[in-house]
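J.: Please see the structure below; I have some questions.
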Amino acid sequence: MTQSQQTQQNSVAEIIKERRSIKLFKKDPLPQGLLEELLNVAVWAPNHGVREPWRFIAFQGEGSKFLAESAFAFVKRAIADPEVAAKRKEYISNIPLTVIVVMPEDPRQREWDEDFAAASALVQNFQLAAWEQGVGTIWKTDPYINNPEFRTKIGVKPGEKIVAMIHAGYPETVPDSRPRTDASELLKIVDFYPENGVVE
């Protein structure tokens with residue numbers, strides 16, 4: 001491995017460990033063209049047969065207000081306190097960018113699983129590429145994303161699944177890291193042939 005490759009590898013590792021889920025965003029809009037730039041990085045996620053099982057619907061500016069209004073119709077039913085529901089609507093309205101990642105729901109289970117895994121890898125790629133540019137994100141899967149009326153309102157077609165709502169913008173605050181379980185505690189290495197033919 002060359003020195004430049006080692007440096008790049010370290011950079012990727014640091015970005016993975018430094019990234020945080022951001023809940024509070026500044027109101028500043030993201031630069032024009034940045035969304036496309038980030039998505040063009042994200043689409044390099046591994047995907048079986050290069051099926052590219054995804055498409056994107058992005059909301060910004062007045063679109064964010066439309067998204068908030070569409071979500072509010074269902075949020076106010078789920079949240080008993082009207083004031084809390086209204087604050088949720090205001091929160092979504094003020095997020096600079098929300099990207100909806102959509103995948104086709106293949107009727108074949110194996111392909112569905114592969115496509116969902118690929119689209120999830122794409123979401124992580126997007127978050128890491130954004131963090132590298134100083135942009136924070138959070139991956140949301142609020143209950144209303146499965147509501148048929150909400151899906152229709154935001155342009156999701158029958159036979160499609162919303163994998164993620166990615167809120168994005170410049171962070172207002174960055175939370176502290178939360179500890180992770182050391183992988184060695186969760187790892188089993190099999191370097192022998194089990195006598196009974198089963199790994200226990």
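Each chain of the structure tokens is named A, B, ... in the order shown, its residues numbered from 1; ligands are numbered from 1 in display order.
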List every residue of chain A that DSSP, applied to the backbone of this structure, places in strand (DSSP E or B), and write the result as an NGL selection string.

T.: :A and (21 or 25 or 55-60 or 97-104 or 136-140 or 160-169 or 171)

J.: Only N, CA, C and O atoms, please: the residues just picked out, written as a compact mmCIF listing (two decimals), in the first residue's frame.

T.:
# COMPACT_ATOMS: atom_id res chain seq x y z
N SER A 21 -24.92 12.07 14.02
CA SER A 21 -26.28 12.38 13.57
C SER A 21 -26.65 13.75 14.10
O SER A 21 -26.60 13.99 15.31
N PHE A 25 -30.05 22.16 12.80
CA PHE A 25 -29.35 22.69 11.65
C PHE A 25 -29.45 24.21 11.59
O PHE A 25 -30.45 24.79 12.00
N ARG A 55 -33.81 5.79 -6.30
CA ARG A 55 -34.03 7.11 -6.89
C ARG A 55 -34.23 8.07 -5.73
O ARG A 55 -34.38 7.65 -4.57
N PHE A 56 -34.26 9.36 -6.03
CA PHE A 56 -34.22 10.36 -4.97
C PHE A 56 -35.25 11.47 -5.22
O PHE A 56 -35.46 11.89 -6.35
N ILE A 57 -35.88 11.91 -4.13
CA ILE A 57 -36.77 13.06 -4.17
C ILE A 57 -36.25 14.03 -3.12
O ILE A 57 -36.14 13.67 -1.94
N ALA A 58 -35.88 15.23 -3.52
CA ALA A 58 -35.27 16.18 -2.59
C ALA A 58 -36.19 17.38 -2.37
O ALA A 58 -36.83 17.88 -3.31
N PHE A 59 -36.24 17.84 -1.12
CA PHE A 59 -37.07 18.98 -0.74
C PHE A 59 -36.19 20.05 -0.11
O PHE A 59 -35.44 19.78 0.84
N GLN A 60 -36.29 21.26 -0.63
CA GLN A 60 -35.55 22.39 -0.08
C GLN A 60 -36.36 23.66 -0.33
O GLN A 60 -37.27 23.68 -1.16
N LEU A 97 -32.41 20.88 3.70
CA LEU A 97 -32.55 19.87 2.64
C LEU A 97 -33.01 18.55 3.25
O LEU A 97 -32.49 18.12 4.28
N THR A 98 -33.99 17.94 2.62
CA THR A 98 -34.38 16.57 2.97
C THR A 98 -34.36 15.74 1.70
O THR A 98 -34.99 16.10 0.70
N VAL A 99 -33.62 14.64 1.74
CA VAL A 99 -33.54 13.73 0.59
C VAL A 99 -34.29 12.45 0.94
O VAL A 99 -33.99 11.81 1.95
N ILE A 100 -35.26 12.10 0.11
CA ILE A 100 -35.99 10.85 0.28
C ILE A 100 -35.33 9.82 -0.64
O ILE A 100 -35.25 10.03 -1.85
N VAL A 101 -34.84 8.74 -0.05
CA VAL A 101 -34.23 7.66 -0.83
C VAL A 101 -35.27 6.56 -1.00
O VAL A 101 -35.80 6.04 -0.03
N VAL A 102 -35.57 6.25 -2.26
CA VAL A 102 -36.64 5.32 -2.60
C VAL A 102 -36.07 4.14 -3.38
O VAL A 102 -35.18 4.32 -4.23
N MET A 103 -36.55 2.94 -3.08
CA MET A 103 -36.12 1.76 -3.83
C MET A 103 -37.34 1.00 -4.33
O MET A 103 -38.42 1.05 -3.73
N PRO A 104 -37.19 0.26 -5.44
CA PRO A 104 -38.30 -0.59 -5.90
C PRO A 104 -38.41 -1.81 -5.00
O PRO A 104 -37.41 -2.35 -4.55
N GLY A 136 -23.98 18.24 8.05
CA GLY A 136 -24.51 17.24 8.95
C GLY A 136 -25.76 16.60 8.38
O GLY A 136 -26.47 17.19 7.56
N THR A 137 -26.02 15.38 8.80
CA THR A 137 -27.21 14.66 8.34
C THR A 137 -27.79 13.84 9.49
O THR A 137 -27.12 13.58 10.49
N ILE A 138 -29.02 13.42 9.31
CA ILE A 138 -29.62 12.42 10.19
C ILE A 138 -30.55 11.56 9.35
O ILE A 138 -31.28 12.07 8.48
N TRP A 139 -30.49 10.26 9.56
CA TRP A 139 -31.28 9.29 8.81
C TRP A 139 -32.56 9.04 9.59
O TRP A 139 -32.55 8.51 10.68
N LYS A 140 -33.70 9.43 9.02
CA LYS A 140 -34.98 9.31 9.69
C LYS A 140 -35.87 8.28 8.99
O LYS A 140 -35.88 8.19 7.75
N GLU A 160 -42.94 1.00 -4.40
CA GLU A 160 -41.67 1.56 -3.96
C GLU A 160 -41.64 1.65 -2.44
O GLU A 160 -42.68 1.79 -1.79
N LYS A 161 -40.44 1.58 -1.89
CA LYS A 161 -40.25 1.69 -0.44
C LYS A 161 -39.37 2.90 -0.15
O LYS A 161 -38.37 3.12 -0.82
N ILE A 162 -39.76 3.68 0.87
CA ILE A 162 -38.88 4.75 1.35
C ILE A 162 -37.86 4.12 2.29
O ILE A 162 -38.20 3.61 3.34
N VAL A 163 -36.62 4.16 1.88
CA VAL A 163 -35.54 3.61 2.71
C VAL A 163 -35.12 4.61 3.77
O VAL A 163 -34.81 4.24 4.89
N ALA A 164 -35.12 5.89 3.40
CA ALA A 164 -34.65 6.90 4.35
C ALA A 164 -35.16 8.28 3.97
O ALA A 164 -35.33 8.60 2.79
N MET A 165 -35.41 9.07 5.01
CA MET A 165 -35.52 10.52 4.87
C MET A 165 -34.22 11.07 5.48
O MET A 165 -33.98 10.91 6.67
N ILE A 166 -33.38 11.66 4.65
CA ILE A 166 -32.12 12.20 5.15
C ILE A 166 -32.27 13.71 5.29
O ILE A 166 -32.39 14.43 4.30
N HIS A 167 -32.30 14.20 6.53
CA HIS A 167 -32.27 15.63 6.77
C HIS A 167 -30.81 16.08 6.70
O HIS A 167 -29.92 15.40 7.24
N ALA A 168 -30.55 17.20 6.05
CA ALA A 168 -29.17 17.65 5.87
C ALA A 168 -29.07 19.17 5.96
O ALA A 168 -29.99 19.89 5.58
N GLY A 169 -27.95 19.62 6.47
CA GLY A 169 -27.67 21.05 6.58
C GLY A 169 -26.41 21.26 7.40
O GLY A 169 -25.81 20.31 7.91
N PRO A 171 -24.46 21.97 10.63
CA PRO A 171 -24.84 21.72 12.02
C PRO A 171 -24.91 22.99 12.87
O PRO A 171 -24.01 23.83 12.81

J.: Quick one: everything within 10 Å of Glu149 of chain A, counting only C-alpha atoms, minus sequence neighbours fewer than 5 positions away in the same chain. Send it as a PyMOL selection string.

T.: chain A and resi 70-71+73-74+144+154+156

J.: Atoms to include: N, CA, C and O atoms. Write the selected residues as a compact mmCIF listing (two decimals), in the first residue's frame.

T.:
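The result, stored in result08.txt:
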# COMPACT_ATOMS: atom_id res chain seq x y z
N SER A 70 -47.15 18.13 4.58
CA SER A 70 -47.58 16.77 4.26
C SER A 70 -47.40 15.85 5.45
O SER A 70 -48.25 15.00 5.74
N ALA A 71 -46.29 16.01 6.16
CA ALA A 71 -46.02 15.19 7.34
C ALA A 71 -46.93 15.57 8.50
O ALA A 71 -47.38 14.70 9.26
N ALA A 73 -49.97 16.44 8.70
CA ALA A 73 -51.30 15.83 8.68
C ALA A 73 -51.32 14.52 9.47
O ALA A 73 -52.34 14.15 10.06
N PHE A 74 -50.18 13.84 9.51
CA PHE A 74 -50.11 12.56 10.22
C PHE A 74 -49.47 12.71 11.58
O PHE A 74 -49.82 11.98 12.51
N TYR A 144 -44.81 7.84 9.60
CA TYR A 144 -45.69 8.29 8.52
C TYR A 144 -45.13 8.02 7.12
O TYR A 144 -45.84 8.14 6.14
N ILE A 154 -45.86 13.04 -1.66
CA ILE A 154 -44.47 13.41 -1.92
C ILE A 154 -43.89 12.74 -3.17
O ILE A 154 -42.70 12.87 -3.45
N VAL A 156 -43.97 9.32 -4.09
CA VAL A 156 -43.53 7.92 -4.05
C VAL A 156 -44.59 7.08 -4.75
O VAL A 156 -45.79 7.22 -4.50

J.: Pick out the closest residue to Gly159 of chain A from this set: A:Ile22, A:Lys87, A:Pro29, A:Asp106. Count only C-alpha atoms.

T.: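 Smallest distance to Gly159 of chain A is found for A:Asp106.
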
J.: If we count only C-alpha atoms, what is near Phe72 of chain A at a cut-off of 10 Å, once residues fewer than 3 positions away on the same chain are taken out, given as a list in words?

T.: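 In the requested form, the answer reads Phe66, Leu67, Ala68, Glu69, Val75, Lys76, Arg77, Ala78, Ala85, Ala86, Lys87, Arg88, Lys89, Glu90, Ile92, Tyr144 and Phe150 of chain A.
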
J.: Report as a count of residues only all protein, DNA and RNA residues lying within 7 Å of segment 116-131 of chain A, evaluated on only C-alpha atoms, omitting residues in the same chain fewer than 3 positions from it.

T.: 19

J.: Give me the residues near Pro148 of chain A as a ChimeraX atom specification, where near means some atom within 10 Å (using only C-alpha atoms) and where sequence neighbours in that chain fewer than 5 positions away do not count.

T.: /A:153,156-158

J.: Give me a file of those residues, with N, CA, C and O atoms, as a compact mmCIF listing (two decimals), in the first residue's frame.

T.:
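And here is the file that came out, selection34.txt:
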# COMPACT_ATOMS: atom_id res chain seq x y z
N LYS A 153 -48.50 12.02 -1.71
CA LYS A 153 -48.28 13.47 -1.71
C LYS A 153 -46.86 13.83 -2.13
O LYS A 153 -46.63 14.82 -2.83
N VAL A 156 -43.97 9.32 -4.09
CA VAL A 156 -43.53 7.92 -4.05
C VAL A 156 -44.59 7.08 -4.75
O VAL A 156 -45.79 7.22 -4.50
N LYS A 157 -44.14 6.18 -5.62
CA LYS A 157 -45.05 5.40 -6.44
C LYS A 157 -45.41 4.07 -5.78
O LYS A 157 -44.67 3.56 -4.94
N PRO A 158 -46.56 3.49 -6.17
CA PRO A 158 -46.88 2.14 -5.69
C PRO A 158 -45.76 1.17 -6.06
O PRO A 158 -45.18 1.27 -7.14
